[in-house]
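> My structure file entry-v3.cif, mmCIF, C-alpha atoms (C1' of nucleotides) and all ligand atoms, is below:
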```cif
data_run
#
loop_
_atom_site.label_atom_id
_atom_site.label_comp_id
_atom_site.auth_asym_id
_atom_site.auth_seq_id
_atom_site.Cartn_x
_atom_site.Cartn_y
_atom_site.Cartn_z
CA MET R 483 74.64 -27.71 95.79
CA ASP R 484 78.15 -26.67 94.74
CA LYS R 485 79.60 -29.59 92.85
CA CYS R 486 82.72 -31.33 94.14
CA THR R 487 85.99 -30.84 92.28
CA PRO R 488 89.37 -32.42 92.96
CA GLU R 489 90.53 -29.03 94.24
CA SER R 490 87.53 -28.34 96.47
CA LEU R 491 87.86 -31.77 98.05
CA LEU R 492 91.53 -31.26 98.88
CA GLU R 493 91.58 -27.61 99.88
CA GLY R 494 92.60 -26.56 103.37
CA ARG R 495 94.11 -29.94 104.11
CA ASN R 496 97.85 -29.59 103.64
CA ILE R 497 97.92 -32.16 100.89
CA LYS R 498 99.91 -31.68 97.73
CA ILE R 499 97.75 -31.41 94.66
CA THR R 500 99.60 -33.69 92.29
CA ARG R 501 98.65 -34.51 88.75
CA GLN R 502 97.76 -38.08 89.72
CA ARG R 503 95.57 -36.93 92.61
CA GLN R 504 93.61 -34.69 90.30
CA ILE R 505 93.14 -37.56 87.89
CA VAL R 506 92.12 -40.02 90.61
CA LEU R 507 89.69 -37.61 92.22
CA GLY R 508 88.31 -36.63 88.84
CA ALA R 509 87.56 -40.26 88.11
CA ILE R 510 86.02 -40.79 91.54
CA ILE R 511 83.79 -37.74 91.17
CA GLY R 512 82.94 -38.76 87.63
CA THR R 513 81.48 -42.14 88.54
CA GLY R 514 78.49 -42.46 90.79
CA LYS R 515 79.23 -46.08 91.55
CA PRO R 516 81.35 -47.80 94.17
CA PHE R 517 84.76 -48.67 92.77
CA SER R 518 87.79 -50.79 93.63
CA ALA R 519 91.46 -49.91 93.22
CA SER R 520 91.66 -51.93 90.04
CA ASP R 521 88.42 -50.44 88.71
CA LEU R 522 90.14 -47.09 88.97
CA HIS R 523 93.33 -48.40 87.46
CA ASP R 524 91.44 -49.83 84.50
CA SER R 525 89.29 -46.75 83.98
CA LEU R 526 92.44 -44.65 83.83
CA GLY R 527 93.83 -46.86 81.10
CA SER R 528 96.63 -48.02 83.38
CA GLU R 529 98.26 -44.61 83.02
CA MET R 530 99.02 -44.54 86.72
CA ASP R 531 100.80 -47.04 88.93
CA LEU R 532 98.57 -49.25 91.06
CA ALA R 533 100.72 -48.53 94.10
CA THR R 534 100.02 -44.83 93.68
CA ILE R 535 96.31 -45.55 93.50
CA TYR R 536 96.43 -47.65 96.66
CA ARG R 537 98.42 -45.01 98.51
CA ASN R 538 95.96 -42.31 97.50
CA LEU R 539 92.88 -44.34 98.35
CA GLU R 540 94.29 -44.90 101.82
CA MET R 541 95.04 -41.20 102.20
CA LEU R 542 91.59 -40.16 100.96
CA CYS R 543 89.97 -42.62 103.34
CA GLY R 544 91.98 -41.24 106.24
CA GLU R 545 90.85 -37.75 105.28
CA GLY R 546 87.24 -38.85 105.10
CA ILE R 547 86.99 -37.82 101.46
CA ILE R 548 86.05 -41.33 100.43
CA ARG R 549 84.71 -44.21 102.51
CA GLN R 550 84.96 -47.98 102.38
CA VAL R 551 81.76 -49.45 101.11
CA MET R 552 82.08 -53.17 100.93
CA ASN R 553 84.67 -55.90 100.95
CA GLU R 554 83.71 -58.40 98.27
CA LYS R 555 85.59 -61.17 96.54
CA GLU R 556 88.59 -60.11 98.58
CA ARG R 557 88.49 -56.72 96.98
CA GLN R 558 87.74 -53.45 98.77
CA TYR R 559 85.19 -51.04 97.28
CA TYR R 560 85.02 -47.33 97.99
CA GLU R 561 82.76 -44.38 97.22
CA LEU R 562 82.87 -40.62 97.51
CA ALA R 563 81.97 -39.45 101.01
CA CYS R 564 81.06 -35.82 100.37
CA LYS R 565 77.97 -33.98 101.57
CA HIS R 566 76.11 -34.97 98.41
CA ASN R 567 76.50 -38.63 99.28
CA PRO R 568 75.60 -39.47 102.89
CA GLU R 569 76.09 -42.99 104.26
CA HIS R 570 73.59 -45.57 103.12
CA PRO R 571 73.14 -49.33 102.75
CA HIS R 572 74.15 -51.21 99.62
CA PHE R 573 72.79 -54.09 97.64
CA TYR R 574 75.24 -56.69 96.38
CA CYS R 575 74.12 -59.01 93.58
CA ASN R 576 75.20 -62.59 94.29
CA ILE R 577 75.25 -63.35 90.57
CA CYS R 578 76.91 -60.46 88.74
CA GLY R 579 78.61 -58.90 91.74
CA LYS R 580 77.30 -55.44 90.99
CA ILE R 581 76.92 -53.11 93.96
CA TYR R 582 73.85 -50.85 94.08
CA CYS R 583 73.56 -47.82 96.35
CA MET R 584 70.31 -47.61 98.29
CA LYS R 585 68.58 -44.38 99.08
CA GLN R 586 68.58 -43.64 102.78
CA ASP R 587 65.40 -41.68 103.35
CA LYS R 588 64.59 -42.12 107.01
CA PRO R 589 61.06 -43.52 107.26
CA MET R 590 60.32 -45.39 104.08
CA ARG R 591 59.19 -48.70 102.70
CA LEU R 592 62.08 -50.90 101.49
CA LYS R 593 60.47 -51.10 98.05
CA SER R 594 61.08 -47.45 97.36
CA ARG R 595 64.74 -47.58 98.19
CA LEU R 596 65.81 -49.55 95.13
CA PRO R 597 64.31 -49.19 91.69
CA GLY R 598 63.17 -52.47 90.12
CA ASP R 599 62.93 -56.08 91.08
CA PHE R 600 65.60 -56.93 93.62
CA THR R 601 65.46 -60.25 95.44
CA VAL R 602 67.09 -60.02 98.84
CA GLU R 603 68.78 -63.29 99.75
CA GLN R 604 70.88 -62.13 102.65
CA THR R 605 70.91 -59.07 104.84
CA VAL R 606 74.27 -58.38 106.41
CA LEU R 607 74.30 -56.31 109.55
CA GLN R 608 77.64 -55.65 111.18
CA TYR R 609 78.62 -53.34 113.96
CA ARG R 610 82.14 -52.05 114.31
CA GLY R 611 83.63 -50.15 117.17
CA ILE R 612 85.53 -50.68 120.41
CA CYS R 613 84.98 -53.74 122.57
CA PRO R 614 85.10 -53.68 126.41
CA ASP R 615 88.62 -55.16 126.49
CA CYS R 616 89.96 -52.38 124.29
CA GLY R 617 87.80 -49.65 125.80
CA LYS R 618 89.59 -49.61 129.16
CA GLU R 619 93.14 -48.50 128.49
CA MET X 604 68.64 -80.09 121.72
CA ASP X 605 70.72 -82.96 120.31
CA LYS X 606 74.27 -81.72 120.04
CA CYS X 607 75.97 -81.53 116.64
CA THR X 608 78.68 -84.04 115.80
CA PRO X 609 80.85 -84.26 112.70
CA GLU X 610 78.84 -87.32 111.65
CA SER X 611 75.41 -85.80 112.29
CA LEU X 612 76.35 -82.73 110.28
CA LEU X 613 77.48 -84.76 107.29
CA GLU X 614 74.92 -87.55 107.27
CA GLY X 615 72.59 -88.04 104.32
CA ARG X 616 74.66 -85.81 102.10
CA ASN X 617 76.77 -88.07 99.93
CA ILE X 618 80.01 -86.70 101.30
CA LYS X 619 82.92 -88.92 102.26
CA ILE X 620 83.65 -88.83 105.95
CA THR X 621 87.42 -88.47 105.92
CA ARG X 622 89.69 -88.25 108.90
CA GLN X 623 90.45 -84.60 108.13
CA ARG X 624 86.77 -83.71 107.82
CA GLN X 625 86.07 -85.17 111.22
CA ILE X 626 88.94 -83.19 112.67
CA VAL X 627 87.89 -79.95 110.98
CA LEU X 628 84.25 -80.31 111.99
CA GLY X 629 85.25 -81.30 115.49
CA ALA X 630 87.24 -78.10 115.81
CA ILE X 631 84.43 -76.01 114.34
CA ILE X 632 81.90 -77.50 116.74
CA GLY X 633 84.33 -77.12 119.61
CA THR X 634 84.72 -73.37 119.30
CA GLY X 635 81.81 -71.00 119.70
CA LYS X 636 83.61 -68.18 117.93
CA PRO X 637 83.90 -67.17 114.30
CA PHE X 638 87.10 -68.53 112.77
CA SER X 639 89.25 -68.09 109.69
CA ALA X 640 91.01 -70.76 107.66
CA SER X 641 94.28 -70.00 109.36
CA ASP X 642 92.65 -69.94 112.81
CA LEU X 643 91.63 -73.52 112.11
CA HIS X 644 95.03 -74.43 110.74
CA ASP X 645 96.72 -73.05 113.84
CA SER X 646 94.30 -74.65 116.27
CA LEU X 647 94.98 -78.00 114.65
CA GLY X 648 98.70 -77.57 115.19
CA SER X 649 99.27 -77.45 111.43
CA GLU X 650 98.58 -81.17 111.24
CA MET X 651 96.49 -80.65 108.13
CA ASP X 652 97.30 -78.90 104.88
CA LEU X 653 95.88 -75.41 104.48
CA ALA X 654 94.62 -76.30 101.00
CA THR X 655 92.58 -79.12 102.49
CA ILE X 656 91.10 -76.73 105.02
CA TYR X 657 90.17 -74.23 102.31
CA ARG X 658 88.62 -76.94 100.16
CA ASN X 659 86.57 -78.22 103.07
CA LEU X 660 85.43 -74.78 104.19
CA GLU X 661 84.18 -74.13 100.68
CA MET X 662 82.38 -77.46 100.61
CA LEU X 663 80.81 -76.92 104.05
CA CYS X 664 79.66 -73.48 102.99
CA GLY X 665 78.08 -74.87 99.87
CA GLU X 666 76.28 -77.45 102.00
CA GLY X 667 75.06 -74.77 104.37
CA ILE X 668 76.81 -76.42 107.30
CA ILE X 669 78.83 -73.32 107.98
CA ARG X 670 78.24 -69.73 106.88
CA GLN X 671 80.44 -66.78 106.03
CA VAL X 672 80.34 -64.27 108.81
CA MET X 673 82.59 -61.42 107.93
CA ASN X 674 85.38 -60.44 105.61
CA GLU X 675 87.92 -58.55 107.68
CA LYS X 676 91.53 -57.59 107.11
CA GLU X 677 91.25 -59.43 103.83
CA ARG X 678 90.50 -62.63 105.65
CA GLN X 679 87.21 -64.55 105.56
CA TYR X 680 85.59 -65.64 108.82
CA TYR X 681 83.07 -68.46 109.20
CA GLU X 682 80.84 -69.94 111.86
CA LEU X 683 78.73 -73.04 112.36
CA ALA X 684 75.31 -72.68 110.75
CA CYS X 685 73.35 -75.38 112.56
CA LYS X 686 69.93 -75.03 114.21
CA HIS X 687 71.59 -74.10 117.50
CA ASN X 688 73.14 -71.05 115.88
CA PRO X 689 70.69 -69.00 113.80
CA GLU X 690 71.87 -66.00 111.80
CA HIS X 691 72.66 -62.90 113.80
CA PRO X 692 74.62 -59.64 113.59
CA HIS X 693 78.22 -59.37 114.68
CA PHE X 694 80.32 -56.77 116.38
CA TYR X 695 83.82 -56.16 115.05
CA CYS X 696 86.30 -54.34 117.28
CA ASN X 697 88.23 -51.74 115.29
CA ILE X 698 91.14 -52.03 117.71
CA CYS X 699 91.76 -55.70 118.48
CA GLY X 700 89.86 -57.15 115.54
CA LYS X 701 87.87 -59.55 117.69
CA ILE X 702 84.47 -60.56 116.36
CA TYR X 703 81.59 -60.85 118.83
CA CYS X 704 78.35 -62.67 118.08
CA MET X 705 75.23 -60.74 118.99
CA LYS X 706 72.10 -62.34 120.34
CA GLN X 707 69.23 -62.03 117.91
CA ASP X 708 66.16 -61.82 120.11
CA LYS X 709 63.51 -60.13 118.04
CA PRO X 710 62.21 -57.12 119.99
CA MET X 711 64.95 -55.99 122.34
CA ARG X 712 67.02 -53.03 123.35
CA LEU X 713 70.49 -53.04 121.76
CA LYS X 714 72.05 -52.91 125.22
CA SER X 715 70.91 -56.42 126.05
CA ARG X 716 72.33 -57.94 122.91
CA LEU X 717 75.97 -57.61 123.89
CA PRO X 718 77.32 -57.95 127.40
CA GLY X 719 79.45 -55.04 128.54
CA ASP X 720 80.54 -51.68 127.28
CA PHE X 721 80.69 -51.74 123.50
CA THR X 722 81.11 -48.47 121.61
CA VAL X 723 79.55 -48.67 118.16
CA GLU X 724 81.53 -46.61 115.66
CA GLN X 725 80.06 -47.95 112.45
CA THR X 726 77.01 -49.96 111.56
CA VAL X 727 77.33 -51.88 108.32
CA LEU X 728 74.14 -52.86 106.59
CA GLN X 729 74.42 -54.77 103.33
CA TYR X 730 71.86 -56.58 101.27
CA ARG X 731 72.81 -59.41 98.97
CA GLY X 732 70.66 -61.13 96.42
CA ILE X 733 69.72 -60.99 92.76
CA CYS X 734 69.53 -57.70 90.88
CA PRO X 735 66.95 -56.98 88.14
CA ASP X 736 69.51 -57.57 85.37
CA CYS X 737 70.30 -61.05 86.66
CA GLY X 738 66.75 -61.85 87.70
CA LYS X 739 65.40 -62.10 84.16
CA GLU X 740 67.16 -65.09 82.56
"C1'" DG B 653 114.89 -20.39 89.96
"C1'" DC B 654 116.29 -23.16 94.24
"C1'" DC B 655 115.40 -26.27 97.87
"C1'" DT B 656 113.26 -29.87 100.41
"C1'" DA B 657 109.90 -32.81 101.92
"C1'" DA B 658 106.46 -35.39 99.96
"C1'" DA B 659 104.79 -38.22 96.14
"C1'" DT B 660 105.60 -41.32 92.32
"C1'" DG B 661 107.03 -45.49 89.52
"C1'" DC B 662 109.03 -49.64 89.48
"C1'" DA B 663 110.25 -53.98 91.25
"C1'" DA B 664 110.12 -57.03 94.79
"C1'" DG B 665 107.75 -58.78 98.87
"C1'" DT B 666 103.51 -60.34 101.67
"C1'" DT B 667 99.42 -62.61 102.58
"C1'" DG B 668 95.25 -65.05 101.80
"C1'" DT B 669 93.50 -68.21 98.72
"C1'" DT B 670 93.42 -71.41 94.61
"C1'" DT B 671 95.02 -74.98 91.47
"C1'" DG B 672 97.55 -79.01 89.10
"C1'" DC B 673 98.96 -83.37 89.92
"C1'" DA B 674 100.53 -87.67 91.76
"C1'" DA B 675 99.69 -90.46 95.85
"C1'" DT B 676 96.29 -91.91 99.26
"C1'" DT B 677 91.92 -93.45 100.94
"C1'" DA B 678 86.74 -94.06 101.73
"C1'" DA B 679 83.38 -96.76 100.50
"C1'" DA B 680 80.91 -99.16 96.65
"C1'" DA B 681 81.29 -103.39 94.03
"C1'" DA B 682 82.69 -107.98 93.56
"C1'" DT P 900 87.22 -109.78 102.58
"C1'" DT P 901 89.50 -108.22 98.69
"C1'" DT P 902 89.23 -105.41 94.62
"C1'" DT P 903 88.12 -101.25 92.30
"C1'" DT P 904 87.57 -96.49 91.54
"C1'" DA P 905 86.33 -91.95 92.14
"C1'" DA P 906 86.91 -88.55 95.64
"C1'" DT P 907 90.20 -86.47 98.70
"C1'" DT P 908 94.61 -85.21 100.25
"C1'" DG P 909 99.40 -83.07 100.50
"C1'" DC P 910 102.69 -80.65 98.32
"C1'" DA P 911 104.42 -77.18 95.44
"C1'" DA P 912 103.52 -73.74 92.41
"C1'" DA P 913 100.39 -70.17 90.92
"C1'" DC P 914 97.35 -66.20 91.72
"C1'" DA P 915 95.42 -61.84 93.13
"C1'" DA P 916 95.11 -57.99 96.08
"C1'" DC P 917 97.71 -55.23 98.39
"C1'" DT P 918 102.18 -53.28 100.58
"C1'" DT P 919 106.90 -51.70 100.85
"C1'" DG P 920 111.80 -50.07 99.79
"C1'" DC P 921 114.20 -47.14 97.18
"C1'" DA P 922 115.88 -44.12 93.63
"C1'" DT P 923 113.79 -40.43 90.93
"C1'" DT P 924 110.57 -36.75 90.23
"C1'" DT P 925 107.81 -32.90 91.59
"C1'" DA P 926 104.76 -29.46 94.20
"C1'" DG P 927 104.99 -25.58 96.40
"C1'" DG P 928 107.42 -22.56 100.03
"C1'" DC P 929 111.49 -19.71 99.87
MN MN R 1001 76.75 -46.10 97.83
MN MN R 1002 78.13 -65.35 115.22
ZN ZN R 1003 73.17 -58.97 89.07
ZN ZN R 1004 88.80 -55.01 121.10
#
```
Transcribe the structure of this file into structure tokens.


Amino acid sequence: MDKCTPESLLEGRNIKITRQRQIVLGAIIGTGKPFSASDLHDSLGSEMDLATIYRNLEMLCGEGIIRQVMNEKERQYYELACKHNPEHPHFYCNICGKIYCMKQDKPMRLKSRLPGDFTVEQTVLQYRGICPDCGKE
Amino acid sequence: MDKCTPESLLEGRNIKITRQRQIVLGAIIGTGKPFSASDLHDSLGSEMDLATIYRNLEMLCGEGIIRQVMNEKERQYYELACKHNPEHPHFYCNICGKIYCMKQDKPMRLKSRLPGDFTVEQTVLQYRGICPDCGKE
DNA sequence: GCCTAAATGCAAGTTGTTTGCAATTAAAAA
DNA sequence: TTTTTAATTGCAAACAACTTGCATTTAGGC
């Protein structure tokens, strides 16, 4: 139950702890919601260059500290990928574009996984991995 | 089992049947695979303006004649949405980027839904619809 | 404190997609 | 069939998300 901090997330990884990385990670830990690069940029009052944010998001993804959540309106969303936040499905509202995290309790009625009155219009199921062509090499 | 034609797909819809729409729909019907705007543009030997292709893809989507399949590498993929091609999951290869359509037989082992040796690395499950905030208006 | 590789900011470049506008065209009206 | 007109097209420019090159700064080992 030890809470994540910018330092705890980066420790033992041979990654420089820069001022901007502390700020970015602080913001990521601070929000519970999925976020895009420009969400971050805005929430930081544009005090950091967008290119720096993009470079750090890529790095954090590679390290498995954050994960890609959803690609919507040609914009990539991410969320923290620590032990407190295991993988789970998401609900995307076709009207306001908000992204809701769904609880991932194993055997459970759908109703209990989102609070309130959600109307599901589409269910998107995608598999990613290695195809036979690419598997043999 | 009547096969789709550009005309049959557009009929009764108050949409002008232009030369370029026949060509685009012909190409879409011709290929079984998901395609992007630039896939189409290339396959038509650049004989049609990309803007026209984008405008028509948007229109066809709105009409439910095609559907969005996947947003990958910041590029949108589509496929024909006629009665011969009901909704189904897709497999995206993390290496070559190919998109495979999966058969959607109801009760079935996963093995039988894709031919060959596919390694699943990620399963993406997304719901889209209307959230409670947007539902009450 | 000094040194060096890594990280940053800035500006410019890419790529996918959209938009404004004048010219073309499908198809409804005459 | 010819005329009319609103929709569609092509072209060029605009946009938005993201990436890259490069000179400058900085974290962290010495
Ligand atoms: Mn989530
Ligand atoms: Mn398919
Ligand atoms: Zn909503
Ligand atoms: Zn492959």

> Just the residues within 10 Å of DA679 of chain B, please, counting all atoms listed in the file, with nothing from its chain fewer than 6 positions along; format it as a PyMOL selection string.

(chain X and resi 619-620) or (chain P and resi 904)

> Compute the set of protein, DNA and RNA residues whose minimum atom distance to ligand ZN 1003 (chain R) is at most 12 Å, using only C-alpha atoms (C1' of nucleotides) and all ligand atoms, and state it as a list of chain:residue names.

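Listing the residues within 12 Å of ligand ZN 1003 (chain R) gives R:Phe573, R:Tyr574, R:Cys575, R:Asn576, R:Ile577, R:Cys578, R:Gly579, R:Lys580, R:Ile581, R:Tyr582, R:Gly598, R:Asp599, R:Phe600, R:Thr601, R:Val602, X:Arg731, X:Gly732, X:Ile733, X:Cys734, X:Pro735, X:Asp736, X:Cys737, X:Gly738, X:Lys739, X:Glu740.
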
> Here's a check: after a least-squares fit over all in-order C-alpha atoms, write chain X in the frame of chain R, as a short mmCIF file (atom, residue, chain, number, x, y, z; two decimals) with C-alpha atoms, in the frame of the given file.


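Result saved to result.cif:
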```
data_model
loop_
_atom_site.label_atom_id
_atom_site.label_comp_id
_atom_site.auth_asym_id
_atom_site.auth_seq_id
_atom_site.Cartn_x
_atom_site.Cartn_y
_atom_site.Cartn_z
CA MET X 604 74.72 -27.63 96.12
CA ASP X 605 78.23 -26.63 95.00
CA LYS X 606 79.66 -29.55 93.10
CA CYS X 607 82.79 -31.31 94.37
CA THR X 608 86.06 -30.81 92.52
CA PRO X 609 89.43 -32.41 93.16
CA GLU X 610 90.63 -29.05 94.51
CA SER X 611 87.62 -28.40 96.75
CA LEU X 612 87.95 -31.86 98.26
CA LEU X 613 91.61 -31.40 99.09
CA GLU X 614 91.68 -27.77 100.15
CA GLY X 615 92.72 -26.78 103.66
CA ARG X 616 94.21 -30.17 104.36
CA ASN X 617 97.94 -29.85 103.90
CA ILE X 618 98.02 -32.37 101.09
CA LYS X 619 100.02 -31.83 97.92
CA ILE X 620 97.83 -31.50 94.88
CA THR X 621 99.66 -33.76 92.44
CA ARG X 622 98.70 -34.48 88.89
CA GLN X 623 97.79 -38.06 89.80
CA ARG X 624 95.61 -36.96 92.71
CA GLN X 625 93.65 -34.67 90.46
CA ILE X 626 93.18 -37.49 87.99
CA VAL X 627 92.15 -39.99 90.66
CA LEU X 628 89.72 -37.59 92.32
CA GLY X 629 88.35 -36.55 88.97
CA ALA X 630 87.57 -40.16 88.18
CA ILE X 631 86.04 -40.75 91.60
CA ILE X 632 83.81 -37.70 91.28
CA GLY X 633 82.94 -38.66 87.73
CA THR X 634 81.47 -42.04 88.59
CA GLY X 635 78.46 -42.41 90.85
CA LYS X 636 79.20 -46.06 91.55
CA PRO X 637 81.33 -47.82 94.13
CA PHE X 638 84.75 -48.67 92.71
CA SER X 639 87.77 -50.80 93.52
CA ALA X 640 91.43 -49.93 93.10
CA SER X 641 91.61 -51.89 89.89
CA ASP X 642 88.36 -50.36 88.60
CA LEU X 643 90.10 -47.02 88.91
CA HIS X 644 93.29 -48.31 87.35
CA ASP X 645 91.36 -49.67 84.38
CA SER X 646 89.23 -46.58 83.93
CA LEU X 647 92.39 -44.50 83.79
CA GLY X 648 93.76 -46.66 81.01
CA SER X 649 96.57 -47.85 83.28
CA GLU X 650 98.22 -44.45 82.98
CA MET X 651 98.98 -44.46 86.68
CA ASP X 652 100.75 -47.02 88.82
CA LEU X 653 98.52 -49.27 90.91
CA ALA X 654 100.68 -48.61 93.97
CA THR X 655 100.01 -44.91 93.62
CA ILE X 656 96.29 -45.58 93.43
CA TYR X 657 96.40 -47.75 96.56
CA ARG X 658 98.42 -45.16 98.45
CA ASN X 659 95.99 -42.42 97.49
CA LEU X 660 92.89 -44.44 98.31
CA GLU X 661 94.31 -45.08 101.76
CA MET X 662 95.09 -41.40 102.21
CA LEU X 663 91.63 -40.31 101.00
CA CYS X 664 90.02 -42.79 103.35
CA GLY X 665 92.02 -41.48 106.26
CA GLU X 666 90.92 -37.96 105.36
CA GLY X 667 87.30 -39.05 105.18
CA ILE X 668 87.05 -37.96 101.55
CA ILE X 669 86.08 -41.43 100.47
CA ARG X 670 84.72 -44.34 102.50
CA GLN X 671 84.97 -48.10 102.33
CA VAL X 672 81.75 -49.54 101.06
CA MET X 673 82.10 -53.26 100.85
CA ASN X 674 84.67 -56.00 100.83
CA GLU X 675 83.64 -58.45 98.13
CA LYS X 676 85.44 -61.23 96.32
CA GLU X 677 88.47 -60.26 98.35
CA ARG X 678 88.44 -56.83 96.82
CA GLN X 679 87.74 -53.55 98.63
CA TYR X 680 85.20 -51.12 97.19
CA TYR X 681 85.03 -47.40 97.94
CA GLU X 682 82.79 -44.45 97.23
CA LEU X 683 82.89 -40.69 97.55
CA ALA X 684 82.01 -39.56 101.07
CA CYS X 685 81.10 -35.92 100.47
CA LYS X 686 77.99 -34.09 101.71
CA HIS X 687 76.15 -35.02 98.52
CA ASN X 688 76.54 -38.70 99.35
CA PRO X 689 75.64 -39.57 102.95
CA GLU X 690 76.11 -43.09 104.27
CA HIS X 691 73.60 -45.65 103.09
CA PRO X 692 73.13 -49.41 102.71
CA HIS X 693 74.15 -51.26 99.59
CA PHE X 694 72.78 -54.14 97.61
CA TYR X 695 75.23 -56.74 96.33
CA CYS X 696 74.09 -59.06 93.54
CA ASN X 697 75.16 -62.64 94.26
CA ILE X 698 75.18 -63.39 90.54
CA CYS X 699 76.83 -60.50 88.69
CA GLY X 700 78.57 -58.94 91.68
CA LYS X 701 77.26 -55.47 90.94
CA ILE X 702 76.89 -53.15 93.91
CA TYR X 703 73.83 -50.90 94.06
CA CYS X 704 73.55 -47.87 96.33
CA MET X 705 70.31 -47.66 98.26
CA LYS X 706 68.55 -44.43 99.05
CA GLN X 707 68.54 -43.72 102.75
CA ASP X 708 65.31 -41.84 103.34
CA LYS X 709 64.48 -42.31 106.98
CA PRO X 710 60.94 -43.72 107.22
CA MET X 711 60.21 -45.57 104.01
CA ARG X 712 59.12 -48.88 102.63
CA LEU X 713 62.04 -51.01 101.39
CA LYS X 714 60.43 -51.19 97.96
CA SER X 715 61.03 -47.51 97.30
CA ARG X 716 64.69 -47.65 98.16
CA LEU X 717 65.77 -49.60 95.11
CA PRO X 718 64.25 -49.27 91.66
CA GLY X 719 63.13 -52.55 90.14
CA ASP X 720 62.87 -56.16 91.10
CA PHE X 721 65.57 -56.99 93.62
CA THR X 722 65.43 -60.32 95.44
CA VAL X 723 67.07 -60.08 98.85
CA GLU X 724 68.79 -63.35 99.76
CA GLN X 725 70.89 -62.16 102.67
CA THR X 726 70.90 -59.10 104.86
CA VAL X 727 74.26 -58.36 106.44
CA LEU X 728 74.25 -56.27 109.56
CA GLN X 729 77.59 -55.52 111.18
CA TYR X 730 78.57 -53.13 113.91
CA ARG X 731 82.07 -51.76 114.18
CA GLY X 732 83.55 -49.77 117.00
CA ILE X 733 85.49 -50.17 120.22
CA CYS X 734 85.02 -53.20 122.45
CA PRO X 735 85.17 -53.04 126.28
CA ASP X 736 88.71 -54.47 126.34
CA CYS X 737 90.00 -51.72 124.07
CA GLY X 738 87.82 -49.00 125.54
CA LYS X 739 89.66 -48.84 128.86
CA GLU X 740 93.19 -47.61 128.06
#
```

> My list of candidates is X:Glu724, X:Lys606, X:Lys636, X:Ile668. Which is closest to ligand MN 1002 (chain R) when distances are computed with only C-alpha atoms and all ligand atoms?

X:Lys636

> For the atom pair atom CA of Asp642 of chain X and atom CA of Arg616 of chain X, what is the interatomic distance in Å to one decimal place?

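Result for atom CA of Asp642 of chain X versus atom CA of Arg616 of chain X: 26.3 Å, one decimal.
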
> Go through the chains and note each residue within 10 Å of ligand MN 1001 (chain R), using all atoms listed in the file, then give the set as an mmCIF file with C-alpha atoms, in the frame of the given file.


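Written output follows (pocket-v8.cif):
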```
data_model
loop_
_atom_site.group_PDB
_atom_site.id
_atom_site.type_symbol
_atom_site.label_atom_id
_atom_site.label_comp_id
_atom_site.auth_asym_id
_atom_site.auth_seq_id
_atom_site.Cartn_x
_atom_site.Cartn_y
_atom_site.Cartn_z
ATOM 1 C CA GLY R 514 78.490 -42.460 90.790
ATOM 2 C CA LYS R 515 79.230 -46.080 91.550
ATOM 3 C CA PRO R 516 81.350 -47.800 94.170
ATOM 4 C CA PHE R 517 84.760 -48.670 92.770
ATOM 5 C CA ARG R 549 84.710 -44.210 102.510
ATOM 6 C CA GLN R 550 84.960 -47.980 102.380
ATOM 7 C CA VAL R 551 81.760 -49.450 101.110
ATOM 8 C CA MET R 552 82.080 -53.170 100.930
ATOM 9 C CA TYR R 559 85.190 -51.040 97.280
ATOM 10 C CA TYR R 560 85.020 -47.330 97.990
ATOM 11 C CA GLU R 561 82.760 -44.380 97.220
ATOM 12 C CA LEU R 562 82.870 -40.620 97.510
ATOM 13 C CA ALA R 563 81.970 -39.450 101.010
ATOM 14 C CA ASN R 567 76.500 -38.630 99.280
ATOM 15 C CA PRO R 568 75.600 -39.470 102.890
ATOM 16 C CA GLU R 569 76.090 -42.990 104.260
ATOM 17 C CA HIS R 570 73.590 -45.570 103.120
ATOM 18 C CA PRO R 571 73.140 -49.330 102.750
ATOM 19 C CA HIS R 572 74.150 -51.210 99.620
ATOM 20 C CA PHE R 573 72.790 -54.090 97.640
ATOM 21 C CA ILE R 581 76.920 -53.110 93.960
ATOM 22 C CA TYR R 582 73.850 -50.850 94.080
ATOM 23 C CA CYS R 583 73.560 -47.820 96.350
ATOM 24 C CA MET R 584 70.310 -47.610 98.290
ATOM 25 C CA LYS R 585 68.580 -44.380 99.080
ATOM 26 C CA GLN R 586 68.580 -43.640 102.780
#
```

> Could you tell me how far atom CA of Thr487 of chain R sits from atom CA of Gln504 of chain R, in Å to one decimal place?

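So the two atoms, atom CA of Gln504 of chain R and atom CA of Thr487 of chain R, lie 8.8 Å apart.
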
> Could you tell me how far atom CA of Asn617 of chain X lies from atom C1' of DT903 of chain P, in Å and to one decimal?

19.0 Å

> Counting all atoms listed in the file, what is within 9 Å of segment 910-927 of chain P, bar same-chain residues fewer than 5 positions away, as a list in words?

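My reading of the contact set: Lys498, Ile499, Thr500, Ala533, Tyr536, Glu556 and Arg557 of chain R; Asp652 and Glu677 of chain X; DA658, DA659, DT660, DG661, DA664, DG665, DT666, DT667, DT669, DT670, DT671 and DG672 of chain B.
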
> Counting only C-alpha atoms and all ligand atoms, which residue out of X:Glu610, X:Gly615, X:Cys685, X:Gln623 sits closest to ligand MN 1002 (chain R)?

X:Cys685

> Taking all atoms of segment 915-920 of chain P that the file lists and extending 4 Å past them on each side, where is the centre of the axis-aligned box and how long are its edges? Answer in Å to one decimal, as lines of an AutoDock Vina configuration file.


```
center_x = 103.5
center_y = -56.0
center_z = 97.0
size_x = 24.7
size_y = 19.8
size_z = 15.7
```

> List as number ranges by chain the residues having at least one atom at most 12 Å from position (100.3, -93.5, 101.4) as given in the file, counting all atoms listed in the file.

B: 674-677; P: 908-909

> Show me the residues close to (96.8, -44.4, 83.8) - anything with an atom within 12 Å, counting only C-alpha atoms (C1' of nucleotides) - and format the list as an MDAnalysis selection string.

(chainID R and resid 501:503 505:506 509 520:535) or (chainID B and resid 661)
